[in-house]
$ cat input-v7.csv   # CSV, C-alpha atoms
chain,number,residue,atom,x,y,z
A,1,MET,CA,8.0,-38.1,94.1
A,2,THR,CA,8.1,-35.9,91.1
A,3,THR,CA,9.2,-37.3,87.8
A,4,ILE,CA,10.9,-35.0,85.3
A,5,THR,CA,10.6,-35.9,81.6
A,6,ALA,CA,12.5,-34.4,78.8
A,7,PRO,CA,10.5,-32.3,76.4
A,8,ALA,CA,9.7,-33.9,73.0
A,9,PRO,CA,11.8,-32.6,70.2
A,10,ALA,CA,10.1,-30.0,68.0
A,11,ARG,CA,9.0,-31.2,64.6
A,12,ARG,CA,10.5,-29.5,61.6
A,13,ALA,CA,8.0,-27.7,59.4
A,14,ALA,CA,7.5,-29.3,56.1
A,15,PRO,CA,9.3,-27.3,53.4
A,16,VAL,CA,7.1,-25.1,51.3
A,17,ASN,CA,7.6,-25.3,47.5
A,18,LEU,CA,7.5,-21.7,46.3
A,19,PRO,CA,6.8,-21.1,42.6
A,20,GLU,CA,9.7,-19.9,40.6
A,21,VAL,CA,9.6,-16.3,39.6
A,22,SER,CA,10.7,-15.5,36.1
A,23,ASN,CA,10.5,-12.5,33.9
A,24,HIS,CA,10.4,-14.7,30.8
A,25,ILE,CA,7.2,-14.6,28.7
A,26,SER,CA,6.6,-17.4,26.3
A,27,LEU,CA,6.2,-16.8,22.6
A,28,ARG,CA,2.6,-18.1,22.8
A,29,ARG,CA,1.8,-15.7,25.7
A,30,SER,CA,3.4,-12.8,23.8
A,31,ILE,CA,1.2,-13.5,20.8
A,32,GLU,CA,-1.9,-13.7,22.9
A,33,THR,CA,-1.3,-10.5,24.8
A,34,SER,CA,-0.4,-8.7,21.5
A,35,PHE,CA,-3.8,-9.7,20.0
A,36,THR,CA,-5.4,-8.5,23.3
A,37,MET,CA,-3.8,-5.1,22.8
A,38,ALA,CA,-4.9,-5.2,19.2
A,39,TYR,CA,-8.5,-5.7,20.3
A,40,ARG,CA,-8.0,-2.6,22.5
A,41,GLY,CA,-7.0,-0.7,19.4
A,42,LEU,CA,-10.1,-1.8,17.5
A,43,LEU,CA,-12.3,-0.7,20.5
A,44,LYS,CA,-10.7,2.7,20.2
A,45,ILE,CA,-11.7,2.9,16.5
A,46,LYS,CA,-15.3,1.8,17.5
A,47,HIS,CA,-15.6,4.6,20.0
A,48,ASN,CA,-13.8,7.1,17.8
A,49,PRO,CA,-14.9,6.4,14.2
A,50,GLU,CA,-13.3,9.6,13.0
A,51,GLN,CA,-10.0,7.7,13.1
A,52,LEU,CA,-11.1,6.0,9.9
A,53,PHE,CA,-11.4,9.3,8.0
A,54,ASP,CA,-8.0,8.9,6.4
A,55,VAL,CA,-8.7,5.3,5.2
A,56,THR,CA,-12.2,6.0,3.9
A,57,VAL,CA,-12.4,9.5,2.4
A,58,GLN,CA,-8.8,9.8,1.3
A,59,PRO,CA,-8.7,6.7,-1.0
A,60,ILE,CA,-11.9,7.8,-2.8
A,61,LEU,CA,-10.9,11.4,-3.0
A,62,PHE,CA,-7.2,10.9,-4.1
A,63,THR,CA,-8.1,8.2,-6.7
A,64,ALA,CA,-10.8,10.2,-8.4
A,65,LEU,CA,-8.8,13.5,-8.3
A,66,PHE,CA,-5.5,12.0,-9.6
A,67,ALA,CA,-7.3,10.0,-12.3
A,68,PHE,CA,-9.1,13.0,-13.8
A,69,ILE,CA,-6.4,15.6,-13.2
A,70,PHE,CA,-3.4,13.7,-14.5
A,71,GLY,CA,-5.1,11.0,-16.7
A,72,GLY,CA,-5.0,13.0,-19.9
A,73,SER,CA,-1.6,14.6,-19.5
A,74,ILE,CA,0.3,11.5,-18.3
A,75,GLY,CA,-1.5,8.5,-19.7
A,76,GLY,CA,-3.3,10.1,-22.7
A,77,SER,CA,-6.6,9.2,-21.2
A,78,VAL,CA,-8.1,8.2,-17.9
A,79,HIS,CA,-8.5,4.6,-19.0
A,80,ASP,CA,-4.9,4.2,-20.1
A,81,TYR,CA,-3.7,5.9,-16.9
A,82,LEU,CA,-5.5,3.6,-14.5
A,83,PRO,CA,-3.0,0.7,-14.7
A,84,THR,CA,-0.3,3.0,-13.5
A,85,LEU,CA,-2.4,5.0,-11.0
A,86,ILE,CA,-4.4,2.4,-9.1
A,87,PRO,CA,-1.4,0.2,-7.9
A,88,GLY,CA,0.5,3.5,-7.2
A,89,ILE,CA,-2.3,5.2,-5.3
A,90,LEU,CA,-2.9,2.0,-3.4
A,91,VAL,CA,0.7,2.0,-2.2
A,92,GLN,CA,0.6,5.7,-1.5
A,93,THR,CA,-2.6,5.6,0.5
A,94,VAL,CA,-1.7,2.6,2.7
A,95,ILE,CA,1.9,3.6,3.3
A,96,LEU,CA,0.9,7.2,4.3
A,97,THR,CA,-1.8,5.7,6.6
A,98,SER,CA,1.0,3.9,8.5
A,99,VAL,CA,2.3,7.4,9.6
A,100,VAL,CA,-0.8,7.6,11.9
A,101,THR,CA,0.6,4.7,14.0
A,102,GLY,CA,3.4,6.9,15.5
A,103,THR,CA,1.1,9.8,16.1
A,104,GLN,CA,-1.4,7.7,18.0
A,105,LEU,CA,1.3,6.0,20.1
A,106,ARG,CA,2.7,9.4,21.1
A,107,GLU,CA,-0.8,10.6,22.1
A,108,ASP,CA,-1.4,7.5,24.2
A,109,MET,CA,2.0,8.0,25.9
A,110,ASP,CA,1.2,11.6,26.6
A,111,LYS,CA,-2.0,10.5,28.4
A,112,GLY,CA,-0.1,8.0,30.6
A,113,VAL,CA,-1.8,4.9,29.1
A,114,PHE,CA,1.5,3.1,28.5
A,115,ASP,CA,2.6,3.6,32.1
A,116,ARG,CA,-0.1,1.2,33.1
A,117,PHE,CA,0.9,-1.3,30.4
A,118,LYS,CA,4.5,-1.4,31.7
A,119,SER,CA,3.2,-2.7,35.1
A,120,LEU,CA,1.2,-5.5,33.6
A,121,PRO,CA,2.5,-9.1,33.3
A,122,ILE,CA,2.7,-9.0,29.5
A,123,ALA,CA,5.5,-9.2,27.0
A,124,ARG,CA,7.2,-5.8,26.5
A,125,ILE,CA,6.5,-5.9,22.8
A,126,SER,CA,2.8,-6.6,23.2
A,127,ALA,CA,1.8,-2.9,23.7
A,128,LEU,CA,3.5,-1.8,20.5
A,129,ALA,CA,2.7,-4.9,18.4
A,130,GLY,CA,-0.9,-4.8,19.4
A,131,ALA,CA,-1.3,-1.2,18.2
A,132,LEU,CA,0.4,-2.0,14.9
A,133,ILE,CA,-1.7,-5.1,14.4
A,134,ALA,CA,-4.9,-3.1,14.9
A,135,ASP,CA,-3.8,-0.6,12.3
A,136,MET,CA,-3.6,-3.5,9.8
A,137,VAL,CA,-7.4,-3.4,9.8
A,138,ARG,CA,-7.2,0.2,8.6
A,139,TYR,CA,-4.7,-0.7,5.9
A,140,THR,CA,-7.1,-3.4,4.7
A,141,LEU,CA,-10.0,-1.0,4.5
A,142,ALA,CA,-7.9,1.5,2.6
A,143,THR,CA,-6.8,-1.2,0.2
A,144,VAL,CA,-10.3,-2.5,-0.5
A,145,LEU,CA,-11.8,1.0,-1.0
A,146,THR,CA,-9.0,2.0,-3.4
A,147,VAL,CA,-9.5,-1.0,-5.6
A,148,LEU,CA,-13.3,-0.5,-5.6
A,149,VAL,CA,-12.9,3.1,-6.7
A,150,GLY,CA,-10.5,2.0,-9.5
A,151,LEU,CA,-13.0,-0.6,-10.7
A,152,CYS,CA,-15.8,2.0,-10.7
A,153,LEU,CA,-13.5,4.3,-12.8
A,154,GLY,CA,-13.0,1.5,-15.4
A,155,TYR,CA,-9.8,-0.2,-14.2
A,156,ARG,CA,-9.7,-3.9,-15.1
A,157,PRO,CA,-6.6,-5.5,-13.5
A,158,GLY,CA,-4.8,-7.8,-15.9
A,159,GLY,CA,-3.5,-9.9,-13.1
A,160,GLY,CA,-7.1,-10.9,-12.2
A,161,PHE,CA,-8.4,-11.5,-8.7
A,162,ALA,CA,-5.3,-13.4,-7.6
A,163,GLY,CA,-3.0,-10.6,-8.6
A,164,VAL,CA,-5.1,-8.0,-6.8
A,165,VAL,CA,-5.3,-10.0,-3.6
A,166,ALA,CA,-1.5,-10.7,-3.7
A,167,ALA,CA,-0.7,-7.1,-4.2
A,168,GLY,CA,-3.0,-6.1,-1.4
A,169,LEU,CA,-1.4,-8.6,1.0
A,170,VAL,CA,2.1,-7.4,0.0
A,171,ILE,CA,1.3,-3.8,0.6
A,172,ILE,CA,-0.3,-4.5,4.0
A,173,VAL,CA,2.7,-6.5,5.1
A,174,CYS,CA,5.1,-3.8,3.9
A,175,SER,CA,3.1,-1.1,5.6
A,176,PHE,CA,3.1,-3.1,8.8
A,177,ALA,CA,6.9,-3.2,8.6
A,178,VAL,CA,7.1,0.5,7.9
A,179,SER,CA,4.8,1.3,10.8
A,180,TRP,CA,7.6,0.0,13.2
A,181,ILE,CA,9.7,2.9,12.0
A,182,TRP,CA,7.0,5.4,12.9
A,183,ALA,CA,6.4,3.5,16.2
A,184,LEU,CA,10.0,4.3,17.1
A,185,VAL,CA,9.6,7.9,16.0
A,186,GLY,CA,6.4,8.1,18.1
A,187,VAL,CA,8.0,6.7,21.2
A,188,THR,CA,11.0,9.0,21.0
A,189,GLY,CA,9.2,12.1,19.7
A,190,LYS,CA,8.3,15.0,22.0
A,191,SER,CA,4.8,15.6,20.7
A,192,ALA,CA,2.2,14.1,18.4
A,193,SER,CA,2.2,17.0,16.0
A,194,GLY,CA,6.0,16.8,15.8
A,195,VAL,CA,5.9,13.1,15.0
A,196,GLN,CA,3.3,13.6,12.3
A,197,GLY,CA,5.4,16.4,10.8
A,198,ILE,CA,8.6,14.4,10.7
A,199,SER,CA,6.8,11.4,9.2
A,200,MET,CA,5.1,13.3,6.5
A,201,MET,CA,8.2,15.2,5.6
A,202,ILE,CA,10.0,11.8,4.9
A,203,MET,CA,7.1,9.9,3.3
A,204,PHE,CA,5.8,12.5,0.9
A,205,PRO,CA,9.0,12.7,-1.2
A,206,LEU,CA,9.5,9.0,-1.2
A,207,THR,CA,5.9,8.3,-2.4
A,208,PHE,CA,5.7,10.9,-5.1
A,209,MET,CA,9.1,10.1,-6.6
A,210,SER,CA,8.5,6.4,-6.5
A,211,GLY,CA,6.5,6.2,-9.8
A,212,ALA,CA,3.1,5.9,-8.0
A,213,LEU,CA,1.6,8.7,-10.1
A,214,ALA,CA,4.0,9.0,-13.1
A,215,PRO,CA,6.4,6.6,-14.8
A,216,VAL,CA,9.9,6.8,-13.4
A,217,SER,CA,11.3,6.6,-16.9
A,218,LYS,CA,10.1,10.2,-17.6
A,219,MET,CA,11.8,11.6,-14.6
A,220,PRO,CA,15.3,13.2,-14.6
A,221,GLY,CA,18.2,10.8,-14.5
A,222,TRP,CA,19.4,11.7,-11.0
A,223,LEU,CA,15.8,11.1,-9.7
A,224,GLN,CA,15.7,7.7,-11.3
A,225,GLY,CA,19.0,6.9,-9.6
A,226,LEU,CA,17.6,7.9,-6.2
A,227,ASN,CA,14.7,5.5,-6.7
A,228,HIS,CA,17.0,2.6,-6.6
A,229,VAL,CA,17.4,3.2,-2.9
A,230,ASN,CA,13.8,4.1,-2.4
A,231,PRO,CA,11.8,1.3,-0.7
A,232,VAL,CA,8.5,2.7,-1.9
A,233,TYR,CA,9.7,2.4,-5.5
A,234,TYR,CA,10.0,-1.4,-5.2
A,235,MET,CA,6.6,-1.6,-3.5
A,236,VAL,CA,4.9,0.3,-6.4
A,237,ASN,CA,6.6,-1.8,-9.0
A,238,ALA,CA,5.6,-5.0,-7.2
A,239,ALA,CA,2.0,-3.8,-6.9
A,240,GLN,CA,2.0,-2.9,-10.6
A,241,ASP,CA,3.5,-6.3,-11.6
A,242,LEU,CA,1.0,-8.2,-9.6
A,243,MET,CA,-2.2,-6.3,-10.4
A,244,ASN,CA,-1.5,-5.8,-14.1
A,245,SER,CA,0.3,-9.0,-15.0
A,246,ASN,CA,0.3,-11.3,-11.9
A,247,ILE,CA,4.1,-11.4,-12.1
A,248,TYR,CA,6.1,-12.5,-9.0
A,249,GLY,CA,9.5,-11.0,-9.7
A,250,SER,CA,12.5,-9.3,-8.1
A,251,ASN,CA,10.5,-6.2,-7.0
A,252,LEU,CA,8.3,-8.4,-4.9
A,253,ALA,CA,11.3,-10.2,-3.4
A,254,TRP,CA,13.1,-6.9,-2.5
A,255,SER,CA,9.9,-5.6,-0.9
A,256,LEU,CA,9.5,-8.6,1.3
A,257,ILE,CA,13.2,-8.8,2.2
A,258,GLY,CA,13.2,-5.1,3.0
A,259,SER,CA,10.1,-5.5,5.2
A,260,ALA,CA,11.8,-8.4,7.1
A,261,VAL,CA,14.9,-6.3,7.7
A,262,VAL,CA,12.9,-3.3,8.9
A,263,ILE,CA,11.0,-5.3,11.4
A,264,ALA,CA,14.2,-7.1,12.6
A,265,VAL,CA,15.9,-3.7,13.2
A,266,PHE,CA,13.2,-1.3,14.3
A,267,ALA,CA,11.0,-3.6,16.4
A,268,PRO,CA,13.8,-4.2,19.1
A,269,LEU,CA,14.7,-0.5,18.9
A,270,GLY,CA,11.1,0.5,19.4
A,271,VAL,CA,10.6,-1.8,22.4
A,272,LYS,CA,13.8,-0.6,24.1
A,273,ALA,CA,12.8,3.0,23.6
A,274,TYR,CA,9.3,2.3,24.8
A,275,MET,CA,10.6,0.7,28.0
A,276,ARG,CA,13.0,3.6,28.6
A,277,ARG,CA,10.7,6.5,27.9
A,278,ALA,CA,7.1,5.2,28.3

$ encode --input "input-v7.csv" --output "C-alpha cells"
Amino acid sequence: MTTITAPAPARRAAPVNLPEVSNHISLRRSIETSFTMAYRGLLKIKHNPEQLFDVTVQPILFTALFAFIFGGSIGGSVHDYLPTLIPGILVQTVILTSVVTGTQLREDMDKGVFDRFKSLPIARISALAGALIADMVRYTLATVLTVLVGLCLGYRPGGGFAGVVAAGLVIIVCSFAVSWIWALVGVTGKSASGVQGISMMIMFPLTFMSGALAPVSKMPGWLQGLNHVNPVYYMVNAAQDLMNSNIYGSNLAWSLIGSAVVIAVFAPLGVKAYMRRA
C-alpha cells in the first residue's frame, strides 16, 4: 500500500532589512569633506609653487614701490605715509588675491576635475568650499609678508600686536567672503582668462578708490560719495582703525556684516551653478 503525504508548507524567507538611502549629508560630514578638498588644494600649491607668486612677490614689490613713489607726495615723507599705506596695501593685496580663486576653479572645470567630484558621496558645497578654504592659506601668507615689509620700512602700528592680528583676521575673513563671488564668476564663466579679466576690471577701481593708497578726503566729492557703497572702503578703514589705534568701530561691523551677507547670498548661488554646469 502506498501512503501519500501532503508536502510541508514552504517557510517564508526572513525579511531583509535594507539600509535607507538618503541624499542628505550631515553638517559634520560636509565640514570633513570640505577640509579634505582644502587639503587637495594645498597639495596643488605644493606641486605648483608658482601659484604663490602673487602672494609672495607682489606684497613685497607693491609695498616698497608705493611707499617710495607716493610717500613724499601724499604723506610728506615715507614714515608719515606708512600708517595709511600698510593697512591699505594689505587690504588691496589680499582682496586682489581672492580673484585667483575664480580663475583656478574655471581651469579645474575645463580639465574635467569637477565632473569626478559630482559623482562622489560628498556634500555639494565641499568642492567649492574646500578650494576657498585652501586659498585662505594664501591670504594669510600675503598678510604676514605685507606686515613684515612694512615693519622693515619703519612702520610701527599704534594698535600693537593685537590690532595687527585683529586686522589680519578681519581681512582674511572678508576676502574669503569675496572669493565666493569670484567662485560664482568662475563657475559661470566661459574661460579662465575671461574670468580673470572680469574680476580685475571690477576690483581695481574698487581698491584704488577705497582710500587704500590716498586719503578719501582729498578725492572729488562724487568719488567720496561712491565710496559709501564700496565694500573695500569699509575694509580699509577697519584695517586702519585696528592697526593704528586698535579701535573696534562701525567700519569693522559693516565689514563683518557685509561678509556674512555675501556668503549667505553667493555661496548657494555658486553651488547651484556648479551643480548645473560642472

$ closest_residue --input "input-v7.csv" --among "A:Ala129, A:Pro87, A:Pro215, A:Val99" --to "Ser245 in chain A" --atoms "only C-alpha atoms"
A:Pro87

$ closest_residue --input "input-v7.csv" --among "A:Ala162, A:Val144, A:Ile89, A:Met109" --to "Asn237 in chain A" --atoms "all atoms listed in the file"
A:Ile89

$ residues_around --input "input-v7.csv" --residues "Ala273 in chain A" --least-positions-apart "6" --cutoff "9 Å" --atoms "all atoms listed in the file" --output "tab-separated table (two decimals) with C-alpha atoms, in the frame of the given file"
chain	number	residue	atom	x	y	z
A	184	LEU	CA	10.00	4.30	17.10
A	187	VAL	CA	8.00	6.70	21.20
A	188	THR	CA	11.00	9.00	21.00

$ closest_residue --input "input-v7.csv" --among "A:Ser217, A:Asn227, A:Thr33, A:Ser77" --to "Pro121 in chain A" --atoms "all atoms listed in the file"
A:Thr33

$ residues_around --input "input-v7.csv" --residues "Arg106 in chain A" --least-positions-apart "2" --cutoff "6 Å" --atoms "all atoms listed in the file" --output "number ranges by chain"
A: 103-104, 108-109, 186-187, 192

$ write_last_selection --input "input-v7.csv" --atoms "C-alpha atoms" --output "CSV table (one decimal), in the coordinates of the input"
chain,number,residue,atom,x,y,z
A,103,THR,CA,1.1,9.8,16.1
A,104,GLN,CA,-1.4,7.7,18.0
A,108,ASP,CA,-1.4,7.5,24.2
A,109,MET,CA,2.0,8.0,25.9
A,186,GLY,CA,6.4,8.1,18.1
A,187,VAL,CA,8.0,6.7,21.2
A,192,ALA,CA,2.2,14.1,18.4

$ atom_distance --input "input-v7.csv" --atom1 "CA of Leu145 in chain A" --atom2 "CA of Ala127 in chain A"
28.5 Å

$ residues_near_point --input "input-v7.csv" --point "(13.9, 2.2, 26.1)" --cutoff "12 Å" --atoms "all atoms listed in the file" --output "JSON, numbers by chain"
{"A": [118, 124, 125, 184, 187, 188, 267, 268, 269, 270, 271, 272, 273, 274, 275, 276, 277, 278]}

$ closest_residue --input "input-v7.csv" --among "A:Phe117, A:Tyr234, A:Phe266, A:Phe62" --to "Thr146 in chain A" --atoms "all atoms listed in the file"
A:Phe62

$ residues_near_point --input "input-v7.csv" --point "(-0.7, 0.7, 4.8)" --cutoff "7 Å" --atoms "all atoms listed in the file" --output "PyMOL selection string"
chain A and resi 93-98+139+171-172+175-176

$ atom_distance --input "input-v7.csv" --atom1 "CA of Ser255 in chain A" --atom2 "CA of Trp182 in chain A"
17.9 Å

$ decode --input "input-v7.csv" --residues "range 27-51 of chain A" --atoms "N, CA, C and O atoms" --output "PDB file, in the first residue's frame"
ATOM      1  N   LEU A  27      25.970  67.938   8.590  1.00  0.00           N
ATOM      2  CA  LEU A  27      26.832  69.121   8.660  1.00  0.00           C
ATOM      3  C   LEU A  27      28.266  68.713   8.990  1.00  0.00           C
ATOM      4  O   LEU A  27      29.225  69.231   8.403  1.00  0.00           O
ATOM      5  N   ARG A  28      28.412  67.766   9.907  1.00  0.00           N
ATOM      6  CA  ARG A  28      29.757  67.312  10.283  1.00  0.00           C
ATOM      7  C   ARG A  28      30.475  66.699   9.094  1.00  0.00           C
ATOM      8  O   ARG A  28      31.656  66.983   8.854  1.00  0.00           O
ATOM      9  N   ARG A  29      29.755  65.863   8.338  1.00  0.00           N
ATOM     10  CA  ARG A  29      30.358  65.234   7.160  1.00  0.00           C
ATOM     11  C   ARG A  29      30.692  66.270   6.094  1.00  0.00           C
ATOM     12  O   ARG A  29      31.723  66.170   5.417  1.00  0.00           O
ATOM     13  N   SER A  30      29.850  67.282   5.961  1.00  0.00           N
ATOM     14  CA  SER A  30      30.115  68.342   4.982  1.00  0.00           C
ATOM     15  C   SER A  30      31.397  69.099   5.326  1.00  0.00           C
ATOM     16  O   SER A  30      32.204  69.420   4.448  1.00  0.00           O
ATOM     17  N   ILE A  31      31.582  69.375   6.629  1.00  0.00           N
ATOM     18  CA  ILE A  31      32.794  70.071   7.059  1.00  0.00           C
ATOM     19  C   ILE A  31      34.023  69.201   6.813  1.00  0.00           C
ATOM     20  O   ILE A  31      35.063  69.686   6.337  1.00  0.00           O
ATOM     21  N   GLU A  32      33.903  67.904   7.121  1.00  0.00           N
ATOM     22  CA  GLU A  32      35.040  66.997   6.921  1.00  0.00           C
ATOM     23  C   GLU A  32      35.442  66.923   5.451  1.00  0.00           C
ATOM     24  O   GLU A  32      36.634  67.001   5.118  1.00  0.00           O
ATOM     25  N   THR A  33      34.480  66.771   4.565  1.00  0.00           N
ATOM     26  CA  THR A  33      34.806  66.673   3.141  1.00  0.00           C
ATOM     27  C   THR A  33      35.309  68.003   2.586  1.00  0.00           C
ATOM     28  O   THR A  33      36.139  68.023   1.672  1.00  0.00           O
ATOM     29  N   SER A  34      34.838  69.117   3.162  1.00  0.00           N
ATOM     30  CA  SER A  34      35.339  70.422   2.722  1.00  0.00           C
ATOM     31  C   SER A  34      36.820  70.567   3.049  1.00  0.00           C
ATOM     32  O   SER A  34      37.609  71.047   2.233  1.00  0.00           O
ATOM     33  N   PHE A  35      37.214  70.122   4.246  1.00  0.00           N
ATOM     34  CA  PHE A  35      38.625  70.209   4.615  1.00  0.00           C
ATOM     35  C   PHE A  35      39.465  69.194   3.839  1.00  0.00           C
ATOM     36  O   PHE A  35      40.648  69.435   3.585  1.00  0.00           O
ATOM     37  N   THR A  36      38.864  68.080   3.443  1.00  0.00           N
ATOM     38  CA  THR A  36      39.578  67.140   2.582  1.00  0.00           C
ATOM     39  C   THR A  36      39.871  67.783   1.228  1.00  0.00           C
ATOM     40  O   THR A  36      40.975  67.654   0.675  1.00  0.00           O
ATOM     41  N   MET A  37      38.891  68.490   0.688  1.00  0.00           N
ATOM     42  CA  MET A  37      39.091  69.203  -0.564  1.00  0.00           C
ATOM     43  C   MET A  37      40.090  70.348  -0.399  1.00  0.00           C
ATOM     44  O   MET A  37      40.847  70.673  -1.315  1.00  0.00           O
ATOM     45  N   ALA A  38      40.098  70.957   0.791  1.00  0.00           N
ATOM     46  CA  ALA A  38      41.080  72.009   1.053  1.00  0.00           C
ATOM     47  C   ALA A  38      42.494  71.430   1.050  1.00  0.00           C
ATOM     48  O   ALA A  38      43.437  72.055   0.547  1.00  0.00           O
ATOM     49  N   TYR A  39      42.637  70.225   1.589  1.00  0.00           N
ATOM     50  CA  TYR A  39      43.941  69.558   1.579  1.00  0.00           C
ATOM     51  C   TYR A  39      44.394  69.294   0.148  1.00  0.00           C
ATOM     52  O   TYR A  39      45.579  69.425  -0.173  1.00  0.00           O
ATOM     53  N   ARG A  40      43.437  68.945  -0.722  1.00  0.00           N
ATOM     54  CA  ARG A  40      43.768  68.773  -2.135  1.00  0.00           C
ATOM     55  C   ARG A  40      44.316  70.078  -2.719  1.00  0.00           C
ATOM     56  O   ARG A  40      45.279  70.087  -3.478  1.00  0.00           O
ATOM     57  N   GLY A  41      43.685  71.199  -2.332  1.00  0.00           N
ATOM     58  CA  GLY A  41      44.161  72.485  -2.822  1.00  0.00           C
ATOM     59  C   GLY A  41      45.568  72.808  -2.349  1.00  0.00           C
ATOM     60  O   GLY A  41      46.374  73.378  -3.100  1.00  0.00           O
ATOM     61  N   LEU A  42      45.889  72.427  -1.107  1.00  0.00           N
ATOM     62  CA  LEU A  42      47.240  72.659  -0.598  1.00  0.00           C
ATOM     63  C   LEU A  42      48.259  71.780  -1.318  1.00  0.00           C
ATOM     64  O   LEU A  42      49.406  72.193  -1.537  1.00  0.00           O
ATOM     65  N   LEU A  43      47.853  70.568  -1.680  1.00  0.00           N
ATOM     66  CA  LEU A  43      48.752  69.701  -2.442  1.00  0.00           C
ATOM     67  C   LEU A  43      49.047  70.300  -3.822  1.00  0.00           C
ATOM     68  O   LEU A  43      50.156  70.161  -4.339  1.00  0.00           O
ATOM     69  N   LYS A  44      48.050  70.957  -4.413  1.00  0.00           N
ATOM     70  CA  LYS A  44      48.273  71.617  -5.693  1.00  0.00           C
ATOM     71  C   LYS A  44      49.340  72.704  -5.559  1.00  0.00           C
ATOM     72  O   LYS A  44      50.199  72.855  -6.435  1.00  0.00           O
ATOM     73  N   ILE A  45      49.270  73.453  -4.465  1.00  0.00           N
ATOM     74  CA  ILE A  45      50.269  74.501  -4.237  1.00  0.00           C
ATOM     75  C   ILE A  45      51.650  73.883  -4.036  1.00  0.00           C
ATOM     76  O   ILE A  45      52.661  74.398  -4.519  1.00  0.00           O
ATOM     77  N   LYS A  46      51.688  72.747  -3.332  1.00  0.00           N
ATOM     78  CA  LYS A  46      52.969  72.078  -3.091  1.00  0.00           C
ATOM     79  C   LYS A  46      53.629  71.652  -4.398  1.00  0.00           C
ATOM     80  O   LYS A  46      54.848  71.804  -4.563  1.00  0.00           O
ATOM     81  N   HIS A  47      52.847  71.128  -5.330  1.00  0.00           N
ATOM     82  CA  HIS A  47      53.400  70.650  -6.589  1.00  0.00           C
ATOM     83  C   HIS A  47      53.532  71.762  -7.631  1.00  0.00           C
ATOM     84  O   HIS A  47      54.219  71.574  -8.637  1.00  0.00           O
ATOM     85  N   ASN A  48      52.871  72.904  -7.391  1.00  0.00           N
ATOM     86  CA  ASN A  48      52.977  74.046  -8.306  1.00  0.00           C
ATOM     87  C   ASN A  48      53.256  75.304  -7.491  1.00  0.00           C
ATOM     88  O   ASN A  48      52.371  76.156  -7.322  1.00  0.00           O
ATOM     89  N   PRO A  49      54.455  75.437  -6.939  1.00  0.00           N
ATOM     90  CA  PRO A  49      54.745  76.572  -6.053  1.00  0.00           C
ATOM     91  C   PRO A  49      54.645  77.928  -6.738  1.00  0.00           C
ATOM     92  O   PRO A  49      54.575  78.954  -6.060  1.00  0.00           O
ATOM     93  N   GLU A  50      54.612  77.951  -8.091  1.00  0.00           N
ATOM     94  CA  GLU A  50      54.482  79.239  -8.765  1.00  0.00           C
ATOM     95  C   GLU A  50      53.122  79.880  -8.486  1.00  0.00           C
ATOM     96  O   GLU A  50      52.938  81.082  -8.738  1.00  0.00           O
ATOM     97  N   GLN A  51      52.173  79.096  -7.954  1.00  0.00           N
ATOM     98  CA  GLN A  51      50.880  79.659  -7.578  1.00  0.00           C
ATOM     99  C   GLN A  51      51.006  80.656  -6.423  1.00  0.00           C
ATOM    100  O   GLN A  51      50.085  81.442  -6.186  1.00  0.00           O
TER     101      GLN A  51
END
